[in-house]
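What follows is the content of work.cif (mmCIF, C-alpha atoms).
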data_start
loop_
_atom_site.label_atom_id
_atom_site.label_comp_id
_atom_site.auth_asym_id
_atom_site.auth_seq_id
_atom_site.Cartn_x
_atom_site.Cartn_y
_atom_site.Cartn_z
CA MET A 1 29.88 -20.78 1.95
CA SER A 2 30.20 -20.77 -1.81
CA THR A 3 28.04 -19.39 -4.59
CA ASP A 4 27.69 -22.95 -5.85
CA GLN A 5 26.11 -23.98 -2.58
CA VAL A 6 23.63 -21.14 -2.89
CA PHE A 7 22.59 -22.07 -6.40
CA SER A 8 22.49 -25.73 -5.57
CA ALA A 9 20.24 -24.99 -2.60
CA LEU A 10 17.93 -22.95 -4.83
CA SER A 11 17.95 -25.43 -7.70
CA ASP A 12 15.15 -27.38 -6.07
CA PRO A 13 11.66 -25.96 -6.80
CA THR A 14 10.34 -26.78 -3.33
CA ARG A 15 13.27 -25.02 -1.70
CA ARG A 16 12.75 -22.00 -3.96
CA GLN A 17 9.10 -22.03 -2.95
CA LEU A 18 10.00 -22.20 0.73
CA PHE A 19 12.58 -19.46 0.38
CA THR A 20 10.16 -17.21 -1.51
CA ARG A 21 7.46 -17.89 1.08
CA LEU A 22 9.82 -16.89 3.92
CA ALA A 23 11.04 -13.81 2.06
CA ASP A 24 7.52 -12.68 1.21
CA GLY A 25 5.60 -13.74 4.27
CA GLY A 26 8.19 -13.35 6.99
CA PRO A 27 9.42 -15.86 9.56
CA ALA A 28 7.51 -19.09 9.99
CA THR A 29 7.81 -22.49 11.64
CA ALA A 30 8.16 -25.74 9.70
CA THR A 31 4.63 -26.68 10.77
CA GLU A 32 3.21 -23.43 9.39
CA LEU A 33 5.12 -23.86 6.14
CA ALA A 34 3.95 -27.46 5.74
CA ALA A 35 0.36 -26.31 6.21
CA GLU A 36 0.74 -23.71 3.46
CA LEU A 37 2.60 -25.80 0.92
CA PRO A 38 1.85 -29.25 -0.50
CA VAL A 39 4.79 -30.79 1.35
CA SER A 40 5.04 -32.83 4.55
CA ARG A 41 6.49 -31.24 7.65
CA GLN A 42 9.34 -33.71 7.54
CA ALA A 43 10.21 -32.71 3.97
CA VAL A 44 9.97 -29.03 4.90
CA VAL A 45 12.47 -29.52 7.69
CA LYS A 46 14.85 -31.31 5.32
CA HIS A 47 14.62 -28.54 2.75
CA LEU A 48 15.06 -25.86 5.40
CA ASP A 49 18.21 -27.63 6.56
CA ALA A 50 19.58 -27.43 3.00
CA LEU A 51 18.73 -23.72 2.82
CA ARG A 52 20.35 -23.21 6.20
CA ALA A 53 23.51 -25.00 5.09
CA ALA A 54 23.76 -22.47 2.24
CA GLU A 55 23.14 -19.70 4.78
CA LEU A 56 20.04 -18.59 2.91
CA VAL A 57 17.87 -19.22 5.93
CA SER A 58 18.52 -18.96 9.63
CA SER A 59 16.57 -20.42 12.50
CA SER A 60 15.86 -19.35 16.03
CA ARG A 61 14.19 -21.27 18.79
CA GLU A 62 11.38 -19.76 20.80
CA GLY A 63 10.20 -22.19 23.44
CA ARG A 64 9.18 -25.35 21.64
CA GLU A 65 9.03 -23.66 18.25
CA VAL A 66 11.76 -23.08 15.70
CA HIS A 67 11.24 -20.02 13.51
CA TYR A 68 12.90 -19.79 10.12
CA THR A 69 13.91 -16.48 8.52
CA VAL A 70 15.57 -15.62 5.22
CA THR A 71 19.15 -14.38 5.20
CA PRO A 72 19.47 -13.40 1.56
CA ALA A 73 23.05 -12.18 1.83
CA PRO A 74 24.68 -14.97 -0.18
CA LEU A 75 22.45 -14.36 -3.18
CA ALA A 76 24.36 -11.39 -4.47
CA ASP A 77 27.48 -13.38 -5.25
CA ALA A 78 29.34 -11.89 -2.36
CA VAL A 79 32.70 -13.25 -3.27
CA GLY A 80 32.63 -11.86 -6.80
CA TRP A 81 31.36 -8.46 -5.75
CA ILE A 82 33.95 -8.02 -3.05
CA ALA A 83 36.77 -9.08 -5.37
CA ASP A 84 35.64 -6.77 -8.19
CA VAL A 85 34.95 -3.75 -6.06
CA GLY A 86 38.10 -4.29 -4.02
CA ALA A 87 40.24 -4.44 -7.18
CA GLN A 88 38.63 -1.22 -8.47
CA TRP A 89 39.46 0.60 -5.26
CA ASP A 90 43.03 -0.70 -5.33
CA THR A 91 43.41 0.86 -8.77
CA ARG A 92 41.74 4.14 -7.84
CA LEU A 93 43.71 4.53 -4.64
CA ALA A 94 46.95 3.81 -6.48
CA THR A 95 46.00 6.60 -8.89
CA LEU A 96 45.26 8.96 -6.02
CA GLN A 97 48.52 8.12 -4.35
CA SER A 98 50.55 8.65 -7.53
CA GLN A 99 48.77 11.92 -8.33
CA PHE A 100 49.52 13.05 -4.87
CA SER A 101 53.15 12.05 -4.93
CA ALA A 102 53.54 13.86 -8.25
CA ARG A 103 52.07 17.02 -6.80
CA GLN A 104 54.01 16.73 -3.57
CA PRO A 105 57.34 15.00 -4.05
CA LYS A 106 58.64 13.71 -0.78
CA MET B 1 6.96 -7.39 -0.03
CA GLU B 2 6.79 -4.74 2.64
CA LEU B 3 9.68 -4.70 5.05
CA GLY B 4 10.26 -2.58 8.12
CA LYS B 5 13.52 -0.88 8.87
CA ALA B 6 14.75 -3.73 11.01
CA ASP B 7 14.11 -6.10 8.12
CA THR B 8 15.77 -4.00 5.46
CA GLU B 9 18.89 -3.71 7.60
CA LYS B 10 19.37 -7.42 7.15
CA PHE B 11 19.98 -6.71 3.48
CA VAL B 12 23.09 -4.68 4.21
CA VAL B 13 25.47 -7.37 3.22
CA HIS B 14 28.58 -6.53 1.30
CA GLU B 15 31.37 -4.23 2.22
CA VAL B 16 34.78 -3.47 0.81
CA GLU B 17 37.28 -1.48 2.82
CA ARG B 18 40.62 -0.03 1.79
CA GLU B 19 43.11 2.33 3.40
CA ILE B 20 46.05 4.30 2.15
CA GLU B 21 48.20 7.04 3.59
CA LEU B 22 48.94 10.27 1.79
CA PRO B 23 51.99 12.40 2.63
CA ALA B 24 50.04 15.59 3.38
CA PRO B 25 47.63 16.91 6.02
CA PRO B 26 43.89 16.27 5.65
CA GLU B 27 43.11 19.76 4.29
CA GLU B 28 45.40 19.15 1.31
CA ALA B 29 44.43 15.52 0.89
CA TRP B 30 40.79 16.62 0.82
CA GLU B 31 41.34 18.65 -2.31
CA SER B 32 42.74 15.63 -4.09
CA VAL B 33 39.92 13.46 -2.86
CA VAL B 34 37.08 15.69 -4.06
CA ASP B 35 38.89 16.56 -7.28
CA ALA B 36 37.56 13.09 -8.03
CA GLU B 37 39.59 12.44 -11.16
CA TRP B 38 41.10 9.46 -9.40
CA LEU B 39 37.61 8.02 -8.90
CA GLY B 40 37.15 7.31 -12.58
CA GLY B 41 38.32 9.93 -15.01
CA ASP B 42 35.82 12.50 -16.16
CA ALA B 43 33.88 13.60 -13.09
CA GLU B 44 31.24 16.19 -12.27
CA ILE B 45 30.28 16.51 -8.65
CA ASP B 46 27.91 19.00 -7.10
CA LEU B 47 29.70 19.00 -3.77
CA VAL B 48 26.72 19.52 -1.46
CA PRO B 49 24.54 16.95 0.31
CA GLY B 50 21.96 15.77 -2.22
CA GLY B 51 24.00 17.13 -5.12
CA ASP B 52 24.22 15.18 -8.37
CA LEU B 53 27.32 13.26 -9.19
CA ARG B 54 28.71 11.77 -12.36
CA ILE B 55 31.99 9.92 -12.29
CA GLY B 56 32.96 8.26 -15.54
CA GLU B 57 30.03 6.04 -16.44
CA ARG B 58 28.61 6.10 -12.94
CA GLU B 59 25.84 8.36 -11.73
CA GLY B 60 24.58 9.07 -8.26
CA TRP B 61 24.33 11.72 -5.60
CA VAL B 62 26.30 13.18 -2.73
CA GLU B 63 25.33 12.21 0.80
CA GLU B 64 27.76 13.96 3.13
CA VAL B 65 30.44 16.60 2.67
CA GLU B 66 32.63 17.32 5.70
CA PRO B 67 35.70 19.10 4.30
CA GLY B 68 38.91 17.49 5.52
CA GLU B 69 36.98 14.71 7.21
CA ARG B 70 34.42 12.84 5.21
CA PHE B 71 32.90 12.56 1.75
CA SER B 72 30.16 10.04 1.12
CA PHE B 73 28.04 9.37 -1.93
CA TRP B 74 25.91 6.79 -3.72
CA TRP B 75 26.60 5.65 -7.24
CA ARG B 76 25.78 2.98 -9.75
CA LEU B 77 26.68 1.94 -13.27
CA PRO B 78 23.94 2.38 -15.90
CA ASP B 79 23.37 -1.38 -16.09
CA GLU B 80 23.30 -1.91 -12.34
CA GLN B 81 19.99 -2.09 -10.57
CA VAL B 82 21.29 -1.24 -7.15
CA ALA B 83 23.29 1.79 -6.08
CA THR B 84 26.16 1.32 -3.68
CA ARG B 85 27.36 3.69 -0.99
CA VAL B 86 30.91 4.98 -0.82
CA GLU B 87 32.31 6.66 2.24
CA ILE B 88 35.76 8.22 2.12
CA SER B 89 37.08 9.38 5.44
CA LEU B 90 40.24 11.29 6.20
CA THR B 91 42.17 11.09 9.44
CA GLU B 92 45.33 12.93 10.31
CA THR B 93 48.19 10.58 11.16
CA GLU B 94 50.77 11.15 13.89
CA GLU B 95 53.31 11.98 11.19
CA GLY B 96 51.12 14.74 9.85
CA GLY B 97 49.96 12.75 6.85
CA THR B 98 46.43 11.61 6.07
CA LEU B 99 44.93 8.19 6.37
CA ILE B 100 42.36 7.74 3.62
CA ARG B 101 39.79 5.08 4.36
CA VAL B 102 37.32 3.99 1.69
CA VAL B 103 34.30 1.83 2.44
CA GLU B 104 31.95 0.77 -0.35
CA THR B 105 28.77 -0.94 0.74
CA SER B 106 26.19 -2.77 -1.30
CA PRO B 107 22.98 -2.25 0.65
CA LEU B 108 20.72 -4.77 -0.98
CA ALA B 109 21.20 -8.31 -2.05
CA THR B 110 19.93 -8.94 -5.52
CA LEU B 111 16.89 -10.84 -4.43
CA ASP B 112 15.43 -10.44 -7.89
CA LEU B 113 17.89 -13.11 -8.94
CA ILE B 114 15.20 -15.62 -8.11
CA GLY B 115 12.24 -13.38 -8.72
CA ILE B 116 11.73 -12.00 -5.26
CA PRO B 117 10.78 -8.33 -5.22
CA LEU B 118 13.26 -6.03 -3.60
CA PRO B 119 12.42 -4.19 -0.38
CA SER B 120 10.64 -0.96 -1.07
CA ARG B 121 11.89 1.20 1.76
CA GLY B 122 15.05 3.12 2.49
CA ILE B 123 17.99 1.92 4.49
CA GLY B 124 18.71 3.18 7.98
CA GLY B 125 16.08 5.89 7.78
CA GLY B 126 17.07 7.04 4.31
CA THR B 127 13.48 7.16 3.20
CA SER B 128 13.29 10.54 1.54
CA ALA B 129 12.25 10.84 -2.09
CA HIS B 130 15.89 11.47 -2.90
CA GLY B 131 17.02 8.54 -0.76
CA PRO B 132 19.05 5.56 -1.89
CA LEU B 133 16.17 3.56 -3.25
CA ALA B 134 14.80 6.42 -5.29
CA LEU B 135 17.85 6.05 -7.46
CA ALA B 136 18.29 2.36 -7.06
CA TYR B 137 14.84 1.53 -8.37
CA ALA B 138 13.92 4.57 -10.36
#

Please rewrite the model in this file as structure tokens.
Amino acid sequence: MSTDQVFSALSDPTRRQLFTRLADGGPATATELAAELPVSRQAVVKHLDALRAAELVSSSREGREVHYTVTPAPLADAVGWIADVGAQWDTRLATLQSQFSARQPK
Amino acid sequence: MELGKADTEKFVVHEVEREIELPAPPEEAWESVVDAEWLGGDAEIDLVPGGDLRIGEREGWVEEVEPGERFSFWWRLPDEQVATRVEISLTETEEGGTLIRVVETSPLATLDLIGIPLPSRGIGGGTSAHGPLALAYA
């Protein structure tokens, strides 16, 4: 799952609206969402599928109903954060190790 | 947006983990760890739970201090909206050295990226006035 996918999924105003609605109002079914927004149920399902492909939304089935929930994890540019923070720790730990070796030659 | 604890836990998303081994027992390694120079130059740490912490440009507070075992804290850069949690744990190795394990966790996705308000409660019960979010959204 790439950051591009996330932004592409959120580039559509209806999808942003759906995502915001799920984030603000909690889990809902496609039928409930279609009733609240000026979009057909069929279109809602299509948009939810796009959000799900970007892992912004997950779905769970309860009986005959499918509930959609936000999974906002990808929004924070996970890849970039992990790379940056990881590189910082590599540097810090190298410093710690060298300080330590200097203090305590093997 | 009001979220319960179970909801806010979903926002715990990013984690970086690193390990190194130091050639000395945990008691000695501990001193190097909390000396904190290695964490970012100029550092001032009030080494008690809840104590203030400044490391280079970053500011935050101490969460846990278990000498020789664990040091955890929260910090953020001045231009960052969200504080991250750092846990440094020390484990004695079979050779008598110390395994240093660092885990930095970003507790909240930046939902405000698309204009969604961030959750207003603490993470994992950290709901005190001095809790993570008090700093993160002060």

Item to check | Closest of B:Asp52, B:Glu57, B:Glu92, B:Thr84 to chain A - atom-to-atom distances counting only C-alpha atoms | outcome: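 Residue with the minimum atom-to-atom distance to chain A: B:Thr84.
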
Next on the checklist: Quick one: residues within 9 Å of stretch 21-35 of chain B, all atoms listed in the file, excluding same-chain residues fewer than 4 positions away - as a PyMOL selection string?
Outcome noted: (chain A and resi 96-97+99-101+104-106) or (chain B and resi 39+43+45+47+67-71+88+90-93+95-101)

Checklist entry - Could you pull the residues within 6 Å of stretch 22-33 of chain A, counting all atoms listed in the file, minus those fewer than 2 positions along the same chain, as a list in words? => result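 So the residues in contact are Phe19, Thr20, Ala35, Glu36, Arg41, Val66, His67, Tyr68, Thr69 and Val70 of chain A; Met1 of chain B.
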
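Closest approach to chain B among A:Ser60, A:Arg21, A:Ser8, A:Arg52 is made by A:Arg21 (distances from only C-alpha atoms).
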
Checklist entry - From the list B:Arg18, B:Arg76, B:Arg85, B:Arg54, which residue is nearest chain A when using all atoms listed in the file? => result B:Arg18

Item to check | Which of A:Val45, A:Ala54, A:Leu18, A:Arg64 sits closest to chain B [using all atoms listed in the file] | outcome: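 Residue with the minimum atom-to-atom distance to chain B: A:Leu18.
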
Checklist entry - In Å to one decimal, how far is atom CA of B:Val103 from atom CA of B:Val16? => result 5.6 Å
